[in-house]
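Contents: one structure, followed by commentary.
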Amino acid sequence: MLTPELRESRLLKATRLEPTDTTPVWIMRQAGRYLPEYMAVRSKVTFIELCKRPDLAAEVTLTAQQVLGVDAAILFADLLPVLEPMGFNLEYAKGEGPVIHNPIQSAADIDRVRVLDDVNSMHFVFDTVKLVRANLPANVPLLGFAGAPFTMASYAIEGGGSKNYLGTKRLMYSDPGAWHELMRRLVGSLIKYIHAQIDAGCQGIQLFDSWAGCLSPTDFREYVLPHTKAIIDAMPSDIPVINFLTGNPALLPLQSQAGGQVIGLDWRMDMADARSFLGPNRCIQGNLDPVLLLADMPTLKREATRVINAAGRRGHIFNLGHGVFPEVPPEAVKALVEMVHEIGAQ
């Protein structure tokens, strides 16, 4: 339910292109290893245990919002556990990140990928949403999220991280029919998963296409665009979708075509160019280079000002171009949030 306090929040007003008293800001990976409060919780459990313990996942979500003073909380969760009820054997190996032990190795393997019919297997995510929403300030929105279908397909095929996406592109090029069937199964599951996050209490959703930057515009148009668009089109009209894609500024026109009230940019895209292309009637999110949080304060303020001025004072949500690095001092993130609010109010 969208209360009057939430409807009038800075972030949601920005998504509707309404004037705000200052530029709203939240930070990708704002609950992360750079925060001592996060590490105090994380030191007691494994990463996946933290994701699957609603009390702890809610705690780190809430603490990050409170400590930083940001204008939205984002659910602490991970992209990949939704693949488990779809038939994938997922492990978070120490020092290696996520590993899928039964990746898709041929078109025949797609037959074993199950569409997520019953979202109750992901109850820990929705229980976390309910806990966070019950304890957030009344005027602070909660963002849910999911991986976009190309990123999820790549994980399912590569079995983990990849530099060249050889298996993913091999399937995509050699058997388009199998590729589109895999994407359809992912889309069906992700729509149900995101809707359940909204039903549990999220006021917005970010769709992460962290890996689609490896594609040419031609390939994105043919193999990805219809599926990303299908997810965004299936969302409630009153729930803003942040369509976030990294790694390839040439994909901006297609990213925009895929939809979303908000277009999220990484730092490789010039904000002024993006605003010029998108025009004044689209909310834009981003896009400070995360490494700038390791720079001196005058440099950080100069670059934050540049981003805000290029995006314009209406229809802009300030964010990094990707997540906070563990090496960043928490004081730098707090200072950035204060800077954005100060600059945006001028």
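By order of appearance in the structure tokens: chains A, B, ..., then residues from 1 within every chain, and ligands from 1 in the order shown.
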
Would you list the contacts of A:Arg302 as a list in words, taking every protein, DNA or RNA residue within 10 Å and counting only C-alpha atoms, but skipping same-chain residues closer than 5 positions in sequence? Met297, Val307 and Met339 of chain A

Serialized selection, N, CA, C and O atoms, as a PDB file, in the first residue's frame:
ATOM      1  N   MET A 297      37.961  14.982  -0.651  1.00  0.00           N
ATOM      2  CA  MET A 297      36.622  15.556  -0.576  1.00  0.00           C
ATOM      3  C   MET A 297      36.352  16.622  -1.641  1.00  0.00           C
ATOM      4  O   MET A 297      35.262  16.630  -2.225  1.00  0.00           O
ATOM      5  N   VAL A 307      27.637  15.665 -11.898  1.00  0.00           N
ATOM      6  CA  VAL A 307      26.576  14.700 -12.201  1.00  0.00           C
ATOM      7  C   VAL A 307      25.208  15.337 -11.996  1.00  0.00           C
ATOM      8  O   VAL A 307      24.302  15.219 -12.843  1.00  0.00           O
ATOM      9  N   MET A 339      26.607  15.776   0.773  1.00  0.00           N
ATOM     10  CA  MET A 339      26.911  16.662  -0.361  1.00  0.00           C
ATOM     11  C   MET A 339      25.756  16.723  -1.351  1.00  0.00           C
ATOM     12  O   MET A 339      25.367  17.792  -1.823  1.00  0.00           O
TER      13      MET A 339
END

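Residue neighbourhood of stretch 144-148 of chain A, excluding near-sequence residues (fewer than 2 positions): Ile74, Leu75, Leu79, Leu142, Phe150, Thr151, Met152, Ile194, Gln197, Cys202, Gly204, Ile205, Gln206, Leu207, Phe208, Asp209 and Thr228 of chain A, at 7 Å, using only C-alpha atoms.
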
Let's have the selection written as a CSV table (one decimal), in the first residue's frame, with all heavy atoms.
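Dumped to out.csv:
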chain,number,residue,atom,x,y,z
A,74,ILE,N,17.3,-0.3,0.3
A,74,ILE,CA,17.2,-1.4,-0.7
A,74,ILE,C,17.3,-2.7,0.0
A,74,ILE,O,18.2,-2.9,0.8
A,74,ILE,CB,18.2,-1.2,-1.9
A,74,ILE,CG1,17.9,-2.4,-3.0
A,74,ILE,CG2,19.6,-1.2,-1.4
A,74,ILE,CD1,18.5,-2.1,-4.3
A,75,LEU,N,16.4,-3.6,-0.3
A,75,LEU,CA,16.4,-4.9,0.3
A,75,LEU,C,17.8,-5.6,0.2
A,75,LEU,O,18.4,-5.7,-0.8
A,75,LEU,CB,15.4,-5.8,-0.5
A,75,LEU,CG,15.2,-7.2,-0.1
A,75,LEU,CD1,14.6,-7.3,1.3
A,75,LEU,CD2,14.3,-7.9,-1.1
A,79,LEU,N,20.9,-11.8,-6.1
A,79,LEU,CA,20.2,-12.1,-7.3
A,79,LEU,C,19.9,-13.6,-7.5
A,79,LEU,O,18.9,-13.9,-8.1
A,79,LEU,CB,21.1,-11.7,-8.5
A,79,LEU,CG,21.5,-10.2,-8.7
A,79,LEU,CD1,22.3,-10.0,-9.9
A,79,LEU,CD2,20.3,-9.3,-8.7
A,142,LEU,N,11.0,1.5,0.3
A,142,LEU,CA,11.9,0.3,0.2
A,142,LEU,C,11.9,-0.2,-1.2
A,142,LEU,O,10.8,-0.4,-1.8
A,142,LEU,CB,11.3,-0.8,1.1
A,142,LEU,CG,11.9,-2.2,1.1
A,142,LEU,CD1,13.4,-2.1,1.4
A,142,LEU,CD2,11.2,-3.2,2.0
A,150,PHE,N,18.9,-11.5,-19.0
A,150,PHE,CA,20.2,-11.9,-19.6
A,150,PHE,C,21.2,-12.2,-18.5
A,150,PHE,O,22.0,-13.2,-18.6
A,150,PHE,CB,20.7,-10.8,-20.5
A,150,PHE,CG,22.1,-11.1,-21.0
A,150,PHE,CD1,22.2,-11.9,-22.2
A,150,PHE,CD2,23.2,-10.7,-20.4
A,150,PHE,CE1,23.4,-12.3,-22.7
A,150,PHE,CE2,24.5,-11.0,-21.0
A,150,PHE,CZ,24.6,-11.8,-22.1
A,151,THR,N,21.3,-11.4,-17.4
A,151,THR,CA,22.2,-11.6,-16.4
A,151,THR,C,22.0,-13.0,-15.7
A,151,THR,O,22.9,-13.8,-15.4
A,151,THR,CB,22.2,-10.5,-15.4
A,151,THR,OG1,22.7,-9.3,-16.0
A,151,THR,CG2,23.0,-10.8,-14.1
A,152,MET,N,20.7,-13.3,-15.5
A,152,MET,CA,20.4,-14.5,-14.8
A,152,MET,C,20.7,-15.7,-15.7
A,152,MET,O,21.2,-16.8,-15.3
A,152,MET,CB,18.9,-14.5,-14.4
A,152,MET,CG,18.5,-13.4,-13.4
A,152,MET,SD,19.3,-13.6,-11.8
A,152,MET,CE,18.4,-14.9,-11.1
A,194,ILE,N,9.1,-10.9,-8.4
A,194,ILE,CA,9.1,-9.4,-8.2
A,194,ILE,C,7.7,-9.0,-7.6
A,194,ILE,O,7.6,-8.2,-6.7
A,194,ILE,CB,9.4,-8.6,-9.5
A,194,ILE,CG1,10.9,-8.9,-9.9
A,194,ILE,CG2,9.3,-7.1,-9.3
A,194,ILE,CD1,11.2,-8.4,-11.3
A,197,GLN,N,7.6,-9.6,-4.0
A,197,GLN,CA,8.3,-8.5,-3.3
A,197,GLN,C,7.4,-7.3,-3.1
A,197,GLN,O,7.3,-6.7,-2.0
A,197,GLN,CB,9.6,-8.1,-4.0
A,197,GLN,CG,10.7,-9.2,-4.0
A,197,GLN,CD,11.9,-8.7,-4.6
A,197,GLN,OE1,12.3,-7.5,-4.4
A,197,GLN,NE2,12.6,-9.5,-5.4
A,202,CYS,N,7.3,-3.6,-0.9
A,202,CYS,CA,8.3,-2.8,-1.7
A,202,CYS,C,7.5,-1.7,-2.5
A,202,CYS,O,6.5,-2.0,-3.0
A,202,CYS,CB,9.2,-3.6,-2.6
A,202,CYS,SG,10.4,-4.7,-1.8
A,204,GLY,N,9.2,0.1,-4.9
A,204,GLY,CA,9.9,0.3,-6.2
A,204,GLY,C,10.7,-0.9,-6.4
A,204,GLY,O,11.0,-1.7,-5.5
A,205,ILE,N,11.2,-1.1,-7.6
A,205,ILE,CA,12.0,-2.3,-8.0
A,205,ILE,C,13.2,-1.8,-8.9
A,205,ILE,O,13.0,-1.0,-9.8
A,205,ILE,CB,11.2,-3.3,-8.8
A,205,ILE,CG1,10.1,-3.9,-7.9
A,205,ILE,CG2,12.1,-4.4,-9.4
A,205,ILE,CD1,10.6,-4.8,-6.8
A,206,GLN,N,14.4,-2.4,-8.6
A,206,GLN,CA,15.5,-2.2,-9.6
A,206,GLN,C,15.8,-3.5,-10.2
A,206,GLN,O,15.9,-4.5,-9.6
A,206,GLN,CB,16.7,-1.7,-8.9
A,206,GLN,CG,17.9,-1.6,-9.9
A,206,GLN,CD,18.9,-0.5,-9.5
A,206,GLN,OE1,18.6,0.7,-9.4
A,206,GLN,NE2,20.2,-0.9,-9.4
A,207,LEU,N,15.8,-3.4,-11.6
A,207,LEU,CA,16.2,-4.6,-12.4
A,207,LEU,C,17.6,-4.4,-12.8
A,207,LEU,O,18.0,-3.5,-13.5
A,207,LEU,CB,15.2,-4.7,-13.6
A,207,LEU,CG,15.1,-6.0,-14.3
A,207,LEU,CD1,14.5,-7.1,-13.4
A,207,LEU,CD2,14.2,-5.8,-15.6
A,208,PHE,N,18.5,-5.4,-12.3
A,208,PHE,CA,19.9,-5.3,-12.6
A,208,PHE,C,20.3,-6.1,-13.8
A,208,PHE,O,20.2,-7.3,-13.8
A,208,PHE,CB,20.7,-5.9,-11.4
A,208,PHE,CG,20.8,-5.0,-10.2
A,208,PHE,CD1,19.8,-5.0,-9.3
A,208,PHE,CD2,21.9,-4.3,-10.0
A,208,PHE,CE1,19.9,-4.2,-8.1
A,208,PHE,CE2,22.1,-3.5,-8.9
A,208,PHE,CZ,21.1,-3.5,-7.9
A,209,ASP,N,20.7,-5.4,-14.9
A,209,ASP,CA,21.3,-6.2,-16.0
A,209,ASP,C,22.8,-5.9,-15.9
A,209,ASP,O,23.4,-5.1,-16.7
A,209,ASP,CB,20.8,-5.8,-17.3
A,209,ASP,CG,20.6,-7.0,-18.3
A,209,ASP,OD1,21.2,-8.0,-18.0
A,209,ASP,OD2,19.8,-6.9,-19.2
A,228,THR,N,13.4,-8.5,-21.4
A,228,THR,CA,13.5,-7.5,-20.4
A,228,THR,C,12.2,-6.6,-20.4
A,228,THR,O,11.6,-6.3,-19.4
A,228,THR,CB,14.7,-6.5,-20.6
A,228,THR,OG1,15.9,-7.3,-20.5
A,228,THR,CG2,14.8,-5.5,-19.5

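For the set A:Gly315, A:Gly247, A:Pro85, A:Val187, the residue with the smallest atom-to-atom gap to A:Asp233 is A:Val187, counting only C-alpha atoms.
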
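Distance-wise, atom CA of A:Pro290 and atom CA of A:Trp267 end up 8.1 Å apart.
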
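Distances to A:Arg282 were evaluated for A:Asn243, A:Thr299, A:Ser154, A:Asn319 using only C-alpha atoms, and the minimum falls at A:Asn243.
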
List every residue of stretch 92-123 of chain A that DSSP, applied to the backbone of this structure, places in strand (DSSP E or B), and write the result as a JSON list (two decimals) with all heavy atoms, in the first residue's frame.
[["chain", "number", "residue", "atom", "x", "y", "z"],
["A", 92, "TYR", "N", 27.61, -20.75, -2.38],
["A", 92, "TYR", "CA", 28.47, -19.57, -2.25],
["A", 92, "TYR", "C", 29.79, -20.05, -1.66],
["A", 92, "TYR", "O", 29.93, -20.21, -0.45],
["A", 92, "TYR", "CB", 27.79, -18.51, -1.39],
["A", 92, "TYR", "CG", 26.67, -17.84, -2.11],
["A", 92, "TYR", "CD1", 25.41, -18.44, -2.21],
["A", 92, "TYR", "CD2", 26.86, -16.62, -2.76],
["A", 92, "TYR", "CE1", 24.37, -17.84, -2.92],
["A", 92, "TYR", "CE2", 25.83, -16.01, -3.48],
["A", 92, "TYR", "CZ", 24.60, -16.64, -3.54],
["A", 92, "TYR", "OH", 23.58, -16.04, -4.25],
["A", 93, "ALA", "N", 30.75, -20.29, -2.56],
["A", 93, "ALA", "CA", 32.03, -20.84, -2.14],
["A", 93, "ALA", "C", 32.91, -19.73, -1.59],
["A", 93, "ALA", "O", 33.00, -18.65, -2.17],
["A", 93, "ALA", "CB", 32.72, -21.51, -3.33],
["A", 97, "GLY", "N", 32.85, -16.65, -4.62],
["A", 97, "GLY", "CA", 31.55, -16.12, -4.97],
["A", 97, "GLY", "C", 30.58, -17.24, -5.32],
["A", 97, "GLY", "O", 30.82, -18.41, -5.03],
["A", 98, "PRO", "N", 29.47, -16.92, -5.97],
["A", 98, "PRO", "CA", 28.45, -17.93, -6.26],
["A", 98, "PRO", "C", 28.92, -18.93, -7.32],
["A", 98, "PRO", "O", 29.55, -18.55, -8.30],
["A", 98, "PRO", "CB", 27.28, -17.10, -6.77],
["A", 98, "PRO", "CG", 27.88, -15.83, -7.28],
["A", 98, "PRO", "CD", 29.08, -15.57, -6.42],
["A", 99, "VAL", "N", 28.60, -20.18, -7.08],
["A", 99, "VAL", "CA", 28.92, -21.26, -8.02],
["A", 99, "VAL", "C", 27.66, -22.09, -8.24],
["A", 99, "VAL", "O", 27.00, -22.51, -7.27],
["A", 99, "VAL", "CB", 30.05, -22.16, -7.49],
["A", 99, "VAL", "CG1", 30.31, -23.31, -8.45],
["A", 99, "VAL", "CG2", 31.32, -21.36, -7.26],
["A", 100, "ILE", "N", 27.30, -22.30, -9.50],
["A", 100, "ILE", "CA", 26.20, -23.20, -9.84],
["A", 100, "ILE", "C", 26.81, -24.51, -10.31],
["A", 100, "ILE", "O", 27.56, -24.55, -11.29],
["A", 100, "ILE", "CB", 25.31, -22.57, -10.93],
["A", 100, "ILE", "CG1", 24.58, -21.36, -10.36],
["A", 100, "ILE", "CG2", 24.30, -23.59, -11.47],
["A", 100, "ILE", "CD1", 23.81, -20.56, -11.38]]

Please list as an MDAnalysis selection string every residue within 8 Å of stretch 172-186 of chain A, counting only C-alpha atoms and excluding residues in the same chain fewer than 4 positions away. chainID A and resid 107 110 113:115 149:150 152:153 168 190 223 227

Using DSSP on the backbone coordinates, identify all residues within stretch 133-251 of chain A classified as helix (DSSP H, G or I); present the result as a PyMOL selection string. chain A and resi 133-135+149-158+166-174+176-200+212-214+217-223+225-233+249-251

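Every protein, DNA or RNA residue with an atom at most 9 Å from A:Arg314, where only C-alpha atoms count and chain neighbours fewer than 6 positions away do not, is listed here: Ala14, Leu17, Glu18, Pro19, Thr20, Thr23, Pro280 and Cys283 of chain A.
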
Pick out the closest residue to A:Asp266 from this set: A:Cys51, A:Thr15, A:Met28, A:Tyr38. Count only C-alpha atoms. A:Met28

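Comparing A:Glu158, A:Leu336, A:Met271, A:Thr218 by their smallest distance to A:Pro298, the closest is A:Leu336 (using only C-alpha atoms).
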
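Distances to A:Gln261 were evaluated for A:Thr63, A:Thr305, A:Arg16, A:Gly87 using only C-alpha atoms, and the minimum falls at A:Arg16.
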